[in-house]
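J.: I am attaching a structure below and will ask some questions about it afterwards.
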Amino acid sequence: MADCDNNCSSCGVEGCASRQGIQKDKMSDLSNVKKIIGVVSGKGGVGKSLVTSLLAVNKLHEGKKVAILDADVTGPSIPQCFGVHGQLEGDGKYIYPLLSKGGVEIVSTNLLLEDETDPIIWRGPIIAGMVKQFYTEVAYGDVDYMFVDMPPGTGDVPLTVFQSMNIDGIVIVTTPQDLVSMIVSKAIKMAEKMNIKVLGIVENMSYVVCPDCGKHINVFGNSKLEEVAKKYNLKILGRIPIDQKLATACDEGKIEDINDNYFDLDF
């Protein structure tokens with residue numbers, strides 16, 4: 001192509017002949033991950049990290065071995081949700097994940113910093129390269145489910161994840177606003193271009209439960225979830241309410257203590 005910069009890792013052109021030869025990266029020989037699921041959205045602020053954490057906790061409570069690759073490099077929040085602090089260690093060949101209280105393996109850029117509040121000020125190619133390292137150089141061991149918490153949008157990191165990793169499918173996260181159709185459309189179109197399966201959709205901030213009568217209050221108006229799911233032939237995997245206990249659990253690093261199951265999963 002005339003405007004090609006020969007950087008296939010950041011190319012989204014479906015028909016490009018050069019991209020046809022791109023090979024998926026291999027995980028380390030100390031990793032045996034059965035399923036890799038990305039958690040995505042077409043925009044920020046919809047709660048991908050919360051959904052990622054709750055999906056991981058769901059599988060953990062089923063007795064599965066779970067890992068989370070926090071690919072939101074400049075806005076990592078997974079370690080905080082699970083109360084994991086400290087720094088990743090390596091031996092020159094492998095990087096070793098940190099474990100949550102319940103045994104979830106976590107890899108995140110926040111676990112590389114001496115001070116968790118330090119900003120990560122990197123350009124796109126460096127960020128994408130770090131995500132690839134988290135995939136290829138970490139010794140995850142035997143894992144049933146790896147969840148990849150993606151940054152918002154359709155930039156370098158989502159492209160790197162879709163092109164480099166053996167993704168089994170993605171979960172799209174949205175909210176009950178008029179923007180929902182646009183958000184879902186962006187994520188679906190990118191998945192189609194990358195030939196990635198969409199496993200379903202989760203609506204976050206779906207409603208508030210009245211503490212007095214138990215009625216569900218639609219804070220953001222009537223949900224468009226069924227309409228959008230039908231339009232794109234998506235399975236509704238779950239609805240997550242606005243709930244103080246979820247916010248508190250994330251703030252205190254106790255998301256594993258949440259026993260409510262918000263999902264109807266078939267993966």
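Each chain in the structure tokens gets a letter, A, B, ..., in the order shown, and its residues are numbered from 1; ligands are numbered from 1 in order too.
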Would you write out, as JSON lines, a table of all residues in range 60-139 of chain A that have an atom no more than 8 Å from an atom of range 234-258 of chain A, listing for each the closest atom pair and the distance in Å to one decimal, considering only C-alpha atoms and ordering rows by chain and rising residue number?

T.:
```
{"residue": "A:Pro79", "atom": "CA", "partner": "A:Gly253", "partner_atom": "CA", "distance": 7.8}
{"residue": "A:Gln80", "atom": "CA", "partner": "A:Gly253", "partner_atom": "CA", "distance": 5.4}
{"residue": "A:Cys81", "atom": "CA", "partner": "A:Cys250", "partner_atom": "CA", "distance": 4.2}
{"residue": "A:Phe82", "atom": "CA", "partner": "A:Gly253", "partner_atom": "CA", "distance": 4.5}
{"residue": "A:Gly83", "atom": "CA", "partner": "A:Gly253", "partner_atom": "CA", "distance": 3.7}
{"residue": "A:Val84", "atom": "CA", "partner": "A:Gly253", "partner_atom": "CA", "distance": 7.4}
{"residue": "A:Gly102", "atom": "CA", "partner": "A:Glu256", "partner_atom": "CA", "distance": 7.0}
```

J.: Considering only strand (DSSP E) as DSSP defines it on the backbone, what residues of range 147-267 of chain A qualify? List them as a PyMOL selection string.

T.: chain A and resi 147-149+169-174+198-203+208-209+216-217+236-239

J.: Pick out the closest residue to Lys132 in chain A from this set: A:Lys26, A:Val228, A:Phe267, A:Ile170. Count only C-alpha atoms.

T.: A:Lys26

J.: Compare A:Asn58, A:Thr117, A:Ser28, A:Thr52 by their minimum atom-to-atom distance to Asp264 in chain A, counting only C-alpha atoms, and give me the closest one.

T.: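 Closest residue, counting only C-alpha atoms: A:Asn58.
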
J.: Between A:Leu159, A:Val33, A:Ile95, A:Ile172, which residue has the minimum interatomic distance to Asn195 in chain A, considering only C-alpha atoms?

T.: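 Ranking A:Leu159, A:Val33, A:Ile95, A:Ile172 by distance to Asn195 in chain A, first place goes to A:Leu159.
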
J.: Need the shell around range 34-45 of chain A: protein/DNA/RNA residues with any atom at most 8 Å away, counting only C-alpha atoms. Skip same-chain ones fewer than 2 positions apart. Format as number ranges by chain?

T.: A: 32, 47-48, 51-52, 143-154, 166-174, 182-187
